[in-house]
>>> print(open('final-v2.cif').read())   # mmCIF, C-alpha atoms
data_final
loop_
_atom_site.label_atom_id
_atom_site.label_comp_id
_atom_site.auth_asym_id
_atom_site.auth_seq_id
_atom_site.Cartn_x
_atom_site.Cartn_y
_atom_site.Cartn_z
CA MET A 10 -117.44 -55.78 199.54
CA LYS A 11 -116.32 -58.66 197.30
CA LEU A 12 -119.91 -59.86 197.09
CA ALA A 13 -121.12 -56.45 195.94
CA ILE A 14 -118.31 -56.19 193.44
CA THR A 15 -118.98 -59.69 192.09
CA ALA A 16 -122.64 -58.84 191.57
CA THR A 17 -121.65 -55.64 189.81
CA LEU A 18 -119.59 -57.54 187.24
CA VAL A 19 -122.47 -59.86 186.41
CA SER A 20 -124.17 -56.98 184.61
CA GLY A 21 -121.49 -57.32 181.91
CA ALA A 22 -122.30 -55.83 178.57
CA ALA A 23 -125.86 -55.08 179.67
CA ALA A 24 -124.51 -52.25 181.77
CA PHE A 25 -123.48 -50.37 178.65
CA THR A 26 -126.75 -50.55 176.77
CA THR A 27 -129.56 -48.09 177.22
CA GLN A 28 -131.95 -49.93 179.45
CA SER A 29 -134.24 -47.73 181.50
CA ALA A 30 -135.33 -47.38 185.08
CA PRO A 31 -138.89 -48.02 186.26
CA ARG A 32 -141.74 -46.15 184.60
CA VAL A 33 -145.21 -45.62 185.90
CA SER A 34 -146.80 -47.66 183.10
CA THR A 35 -144.34 -50.02 181.49
CA GLY A 36 -145.78 -53.04 179.71
CA LEU A 37 -144.27 -55.36 177.18
CA ASN A 38 -145.93 -53.50 174.32
CA GLY A 39 -143.74 -50.68 173.14
CA ALA A 40 -140.71 -51.93 175.09
CA MET A 41 -138.30 -50.71 172.42
CA GLU A 42 -139.99 -47.31 172.28
CA ASP A 43 -139.69 -47.01 176.05
CA LEU A 44 -136.05 -48.00 175.82
CA LYS A 45 -135.24 -45.33 173.25
CA GLU A 46 -137.18 -42.67 175.12
CA VAL A 47 -135.31 -43.27 178.36
CA ALA A 48 -132.01 -43.48 176.46
CA GLU A 49 -132.53 -39.96 175.11
CA LYS A 50 -133.43 -38.65 178.55
CA SER A 51 -130.48 -40.30 180.29
CA ASN A 52 -127.97 -39.11 177.68
CA PRO A 53 -129.28 -36.40 175.31
CA VAL A 54 -125.95 -36.36 173.47
CA LEU A 55 -125.41 -40.07 172.84
CA LYS A 56 -129.12 -40.98 172.88
CA TYR A 57 -129.91 -44.58 171.93
CA TYR A 58 -126.68 -46.57 171.63
CA ASP A 59 -126.64 -50.35 171.46
CA PRO A 60 -123.52 -51.46 169.52
CA LEU A 61 -123.92 -55.11 170.62
CA GLU A 62 -127.58 -55.08 169.54
CA LEU A 63 -128.62 -56.67 172.81
CA ALA A 64 -132.01 -54.98 172.71
CA THR A 65 -132.92 -56.60 169.40
CA THR A 66 -132.07 -60.17 170.34
CA THR A 67 -133.83 -62.82 172.42
CA ILE A 68 -132.62 -65.01 175.27
CA TRP A 69 -133.75 -68.38 176.65
CA GLY A 70 -136.45 -68.67 173.99
CA GLU A 71 -138.23 -65.60 175.33
CA SER A 72 -139.70 -62.78 173.26
CA ASN A 73 -137.74 -59.65 172.43
CA GLU A 74 -139.96 -57.65 174.79
CA ALA A 75 -139.19 -60.03 177.67
CA THR A 76 -135.49 -59.83 176.81
CA ILE A 77 -135.59 -56.05 177.00
CA GLY A 78 -137.27 -56.35 180.40
CA PHE A 79 -134.44 -58.61 181.56
CA LEU A 80 -131.75 -56.23 180.30
CA ARG A 81 -133.40 -53.22 181.90
CA GLN A 82 -133.71 -55.05 185.21
CA SER A 83 -130.08 -56.12 184.95
CA GLU A 84 -128.75 -52.60 184.56
CA ILE A 85 -130.92 -51.09 187.26
CA LYS A 86 -130.14 -53.83 189.77
CA HIS A 87 -126.42 -53.88 189.16
CA GLY A 88 -126.26 -50.12 189.11
CA ARG A 89 -127.74 -50.15 192.60
CA VAL A 90 -125.26 -52.79 193.73
CA ALA A 91 -122.42 -50.74 192.28
CA MET A 92 -123.58 -47.58 194.05
CA ALA A 93 -123.59 -49.47 197.36
CA ALA A 94 -120.17 -50.96 196.60
CA PHE A 95 -118.68 -47.59 195.59
CA VAL A 96 -119.91 -45.81 198.71
CA GLY A 97 -118.96 -48.81 200.86
CA TYR A 98 -115.45 -48.81 199.44
CA ILE A 99 -114.96 -45.16 200.38
CA VAL A 100 -116.45 -45.63 203.84
CA GLN A 101 -114.30 -48.67 204.59
CA SER A 102 -111.18 -47.03 203.18
CA ASN A 103 -111.58 -44.30 205.78
CA GLY A 104 -111.87 -46.72 208.68
CA ILE A 105 -115.53 -46.01 209.35
CA HIS A 106 -117.31 -48.94 210.98
CA TRP A 107 -120.08 -49.82 213.43
CA PRO A 108 -119.13 -49.03 217.05
CA TRP A 109 -120.31 -52.36 218.45
CA PRO A 110 -118.54 -55.75 218.22
CA MET A 111 -118.97 -57.78 215.05
CA THR A 112 -119.52 -61.10 216.85
CA SER A 113 -121.12 -62.22 220.10
CA GLU A 114 -117.63 -63.11 221.32
CA GLY A 115 -116.64 -59.45 221.09
CA THR A 116 -114.56 -59.60 217.89
CA PRO A 117 -114.42 -56.10 216.38
CA PHE A 118 -115.03 -55.28 212.74
CA PRO A 119 -111.78 -55.71 210.75
CA PHE A 120 -111.48 -52.01 209.91
CA ASP A 121 -107.72 -52.11 210.51
CA ALA A 122 -107.11 -55.09 208.19
CA GLY A 123 -106.24 -52.87 205.22
CA SER A 124 -108.17 -51.93 202.10
CA PRO A 125 -111.85 -52.94 201.64
CA PRO A 126 -111.03 -56.24 199.87
CA GLU A 127 -108.62 -57.11 202.68
CA GLN A 128 -111.30 -56.27 205.24
CA TRP A 129 -113.62 -58.72 203.48
CA ASP A 130 -110.89 -61.39 203.56
CA ALA A 131 -110.60 -60.85 207.33
CA LEU A 132 -114.28 -61.61 207.96
CA PRO A 133 -115.13 -65.04 209.42
CA ASP A 134 -116.71 -67.40 206.90
CA ALA A 135 -119.89 -67.41 208.98
CA ALA A 136 -120.21 -63.66 208.52
CA LYS A 137 -119.67 -63.97 204.78
CA TRP A 138 -122.37 -66.62 204.53
CA GLN A 139 -124.82 -64.44 206.44
CA ILE A 140 -124.32 -61.66 203.89
CA ILE A 141 -124.52 -64.00 200.90
CA LEU A 142 -127.66 -65.76 202.16
CA PHE A 143 -129.35 -62.43 202.96
CA VAL A 144 -128.66 -61.14 199.46
CA GLY A 145 -129.93 -64.47 198.12
CA PHE A 146 -133.17 -64.04 200.07
CA LEU A 147 -133.67 -60.53 198.64
CA GLU A 148 -133.11 -61.89 195.14
CA GLN A 149 -135.50 -64.81 195.63
CA PHE A 150 -138.21 -62.55 197.08
CA SER A 151 -137.89 -60.15 194.16
CA GLU A 152 -138.17 -62.91 191.58
CA ALA A 153 -141.04 -64.77 193.23
CA ASN A 154 -143.39 -61.91 194.13
CA GLY A 155 -145.20 -59.23 192.19
CA THR A 156 -145.49 -59.07 188.40
CA HIS A 157 -142.20 -60.27 186.92
CA TYR A 158 -140.24 -57.76 184.84
CA MET A 159 -140.20 -60.23 181.94
CA ARG A 160 -143.98 -60.62 182.13
CA GLY A 161 -145.10 -57.01 182.02
CA GLY A 162 -143.81 -55.90 185.41
CA THR A 163 -141.84 -52.71 185.97
CA PRO A 164 -138.07 -53.22 185.69
CA GLY A 165 -136.36 -52.13 188.88
CA ALA A 166 -139.50 -52.19 191.03
CA TYR A 167 -138.91 -54.19 194.22
CA PRO A 168 -142.05 -55.83 195.68
CA LYS A 169 -143.18 -54.71 199.11
CA PHE A 170 -142.73 -57.05 202.04
CA THR A 171 -146.06 -55.84 203.40
CA ASP A 172 -147.85 -56.97 200.23
CA HIS A 173 -146.41 -60.49 200.34
CA PRO A 174 -146.12 -61.57 204.00
CA GLU A 175 -146.19 -65.21 202.90
CA GLY A 176 -142.81 -64.71 201.22
CA ILE A 177 -140.90 -63.75 204.37
CA PRO A 178 -140.05 -65.93 207.40
CA HIS A 179 -141.30 -63.35 209.94
CA PRO A 180 -143.03 -59.95 209.95
CA VAL A 181 -140.90 -57.05 208.73
CA PRO A 182 -141.88 -53.50 209.79
CA PHE A 183 -140.29 -51.76 206.80
CA ASN A 184 -140.13 -52.33 203.05
CA LEU A 185 -136.79 -52.48 201.26
CA PHE A 186 -137.60 -49.57 198.94
CA ASP A 187 -138.57 -46.31 200.62
CA PRO A 188 -139.07 -47.85 204.08
CA PHE A 189 -140.30 -44.55 205.57
CA GLY A 190 -142.59 -43.60 202.69
CA LEU A 191 -140.69 -40.43 201.89
CA SER A 192 -141.41 -40.58 198.16
CA LYS A 193 -145.13 -41.34 198.21
CA ASN A 194 -146.09 -37.67 197.92
CA ARG A 195 -143.60 -36.82 195.17
CA SER A 196 -145.00 -35.84 191.78
CA GLU A 197 -144.77 -38.26 188.89
CA GLU A 198 -142.47 -35.81 187.14
CA ALA A 199 -140.10 -35.79 190.10
CA LYS A 200 -140.17 -39.57 190.31
CA ALA A 201 -139.40 -39.91 186.59
CA LYS A 202 -136.48 -37.51 186.93
CA GLY A 203 -135.17 -39.47 189.89
CA ARG A 204 -135.29 -42.72 187.95
CA ILE A 205 -133.21 -41.23 185.15
CA ALA A 206 -130.70 -39.98 187.73
CA GLU A 207 -130.54 -43.47 189.23
CA ILE A 208 -129.59 -44.98 185.88
CA ASN A 209 -126.79 -42.49 185.30
CA ASN A 210 -125.51 -42.73 188.87
CA GLY A 211 -125.50 -46.52 188.61
CA ARG A 212 -123.50 -46.44 185.39
CA LEU A 213 -120.92 -44.13 186.93
CA ALA A 214 -120.74 -46.29 190.05
CA MET A 215 -120.04 -49.41 187.97
CA ILE A 216 -117.13 -47.62 186.34
CA GLY A 217 -116.00 -46.26 189.71
CA ILE A 218 -115.88 -49.50 191.67
CA ILE A 219 -114.17 -51.36 188.84
CA GLY A 220 -111.69 -48.48 188.66
CA PHE A 221 -110.81 -48.92 192.32
CA LEU A 222 -110.27 -52.67 191.92
CA SER A 223 -108.35 -52.35 188.67
CA GLU A 224 -105.87 -49.94 190.20
CA GLN A 225 -105.48 -52.19 193.22
CA LYS A 226 -104.64 -55.19 191.05
CA VAL A 227 -102.72 -53.46 188.24
CA ALA A 228 -100.82 -50.41 189.42
CA GLY A 229 -101.11 -47.54 186.97
CA SER A 230 -104.12 -48.97 185.13
CA VAL A 231 -106.21 -46.04 186.40
CA PRO A 232 -103.82 -43.04 186.41
CA LEU A 233 -106.18 -40.85 188.45
CA LEU A 234 -106.11 -43.39 191.29
CA GLN A 235 -102.39 -44.14 191.20
CA GLY A 236 -100.96 -43.69 194.68
CA ILE A 237 -104.44 -43.24 196.18
CA VAL A 238 -105.62 -46.84 196.48
CA PRO A 239 -103.16 -49.44 197.82
CA PRO A 240 -102.24 -52.63 195.95
CA TYR A 241 -104.15 -55.81 196.75
CA ALA A 242 -102.53 -59.22 196.45
CA GLY A 243 -105.72 -61.25 196.82
CA GLU A 244 -108.43 -62.17 194.34
CA PRO A 245 -111.38 -59.72 194.34
CA MET A 246 -113.68 -62.21 192.59
CA ALA A 247 -113.10 -65.04 195.13
CA PRO A 248 -115.45 -64.47 198.11
CA PHE A 249 -113.77 -67.20 200.15
CA GLY A 250 -110.28 -66.88 198.65
#
>>> encode(input="final-v2.cif", output="structure tokens")
Amino acid sequence: MKLAITATLVSGAAAFTTQSAPRVSTGLNGAMEDLKEVAEKSNPVLKYYDPLELATTTIWGESNEATIGFLRQSEIKHGRVAMAAFVGYIVQSNGIHWPWPMTSEGTPFPFDAGSPPEQWDALPDAAKWQIILFVGFLEQFSEANGTHYMRGGTPGAYPKFTDHPEGIPHPVPFNLFDPFGLSKNRSEEAKAKGRIAEINNGRLAMIGIIGFLSEQKVAGSVPLLQGIVPPYAGEPMAPFG
């Protein structure tokens, strides 16, 4: 849980600009136009809103178009992480866990250790490293395969394992995105609508998971959660703390 929350925070200010989700044909040309179009679709009231002017700057000596690609990828990725963290927080808070032992020695999952951050603290370091290294592999595979999102690739599009078998240590029967191919027959209109929904859900999830943690660390900071989430004495941003 801490790992997911830490990744969520990395999005920083980029989470509050109007980057978009993947489009069928998104190149570097017209990146700003794409950005504004998706902004209007994701929030017809606010529309395009970039008070920090992130979308008009450049980073690491890259072009503005490449920078927009980076920002869009950042929001989509961290929105997904936040959605997983938000749902995971609720699941763990209700004591839901896998029925089998956590370790080969028979150690159960620490569902009774307290709140989600306390359950993470109760994990063995070996288990934490397995999670961190797996997430690191997913990140490395995404960056190394397919057309990069800063080089004309589609922000948010995760490359298929089946298209790049050389990038994985052993054969994998399913892809990370849509492993059962449920979306392949959806219309382009339906896919576009789903991508807009993903952006908005990710933004809400970022607010939601930070709300949970804020109330746990500073009682009363989120009045709607006061008395619902328990206090936490640890450090949410320290995976091995």
>>> residues_around(input="final-v2.cif", residues="A:Ser51", least_positions_apart="3", cutoff="8 Å", atoms="only C-alpha atoms", output="number ranges by chain")
A: 47-48, 56, 205-206, 208-209
>>> resolve_selection(input="final-v2.cif", expression="the PyMOL selection byres ((chain A and resi 166-171) around 7)", output="ChimeraX atom specification")
/A:31,151,154-155,163-165,172-174,181,184,186
>>> residues_around(input="final-v2.cif", residues="A:Gly88", least_positions_apart="5", cutoff="7 Å", atoms="all atoms listed in the file", output="list in words")
Ile208, Gly211, Arg212, Ala214 and Met215 of chain A
>>> write_last_selection(input="final-v2.cif", atoms="C-alpha atoms", output="compact mmCIF listing (two decimals), in the coordinates of the input")
# COMPACT_ATOMS: atom_id res chain seq x y z
CA ILE A 208 -129.59 -44.98 185.88
CA GLY A 211 -125.50 -46.52 188.61
CA ARG A 212 -123.50 -46.44 185.39
CA ALA A 214 -120.74 -46.29 190.05
CA MET A 215 -120.04 -49.41 187.97
>>> atom_distance(input="final-v2.cif", atom1="atom CA of A:Ala242", atom2="atom CA of A:Ile99")
19.2 Å
>>> residues_around(input="final-v2.cif", residues="A:Gly97", least_positions_apart="2", cutoff="12 Å", atoms="only C-alpha atoms", output="VMD selection string")
chain A and resid 10 to 14 90 to 95 99 to 106 124 to 126 128 to 129 214 217 to 218 221
>>> residues_around(input="final-v2.cif", residues="A:Pro232", least_positions_apart="5", cutoff="10 Å", atoms="all atoms listed in the file", output="MDAnalysis selection string")
chainID A and resid 220 224 237
>>> residues_around(input="final-v2.cif", residues="A:Glu148", least_positions_apart="4", cutoff="12 Å", atoms="only C-alpha atoms", output="list of chain:residue names")
A:Ala16, A:Lys86, A:Ile141, A:Leu142, A:Phe143, A:Val144, A:Glu152, A:Ala153, A:Asn154, A:Tyr167, A:Pro168, A:Gly176, A:Leu185
>>> resolve_selection(input="final-v2.cif", expression="the PyMOL selection byres ((chain A and resi 66-76) around 10)", output="list in words")
Gly36, Leu37, Asn38, Gly39, Ala40, Met41, Leu61, Glu62, Leu63, Ala64, Thr65, Ile77, Gly78, Phe79, Leu80, Arg81, Gln82, His157, Tyr158, Met159, Arg160, Gly161 and Gly162 of chain A
>>> axis_aligned_box(input="final-v2.cif", around="stretch 237-246 of chain A", padding_each_side="3 Å", output="lines of an AutoDock Vina configuration file")
center_x = -108.0
center_y = -52.7
center_z = 195.2
size_x = 17.4
size_y = 25.0
size_z = 11.2
>>> atom_distance(input="final-v2.cif", atom1="atom CA of A:Gly236", atom2="atom CA of A:Tyr98")
16.1 Å
>>> atom_distance(input="final-v2.cif", atom1="atom CA of A:Pro188", atom2="atom CA of A:Gly203")
16.9 Å
>>> resolve_selection(input="final-v2.cif", expression="the PyMOL selection byres ((chain A and resi 57) around 9)", output="VMD selection string")
chain A and resid 26 to 27 44 to 49 52 to 53 55 to 56 58 to 59
>>> closest_residue(input="final-v2.cif", among="A:Gly123, A:Pro180, A:Gly190, A:Pro133", to="A:Tyr241", atoms="all atoms listed in the file")
A:Gly123
>>> closest_residue(input="final-v2.cif", among="A:Glu197, A:Glu127, A:Asp134, A:Asp43", to="A:Pro239", atoms="all atoms listed in the file")
A:Glu127
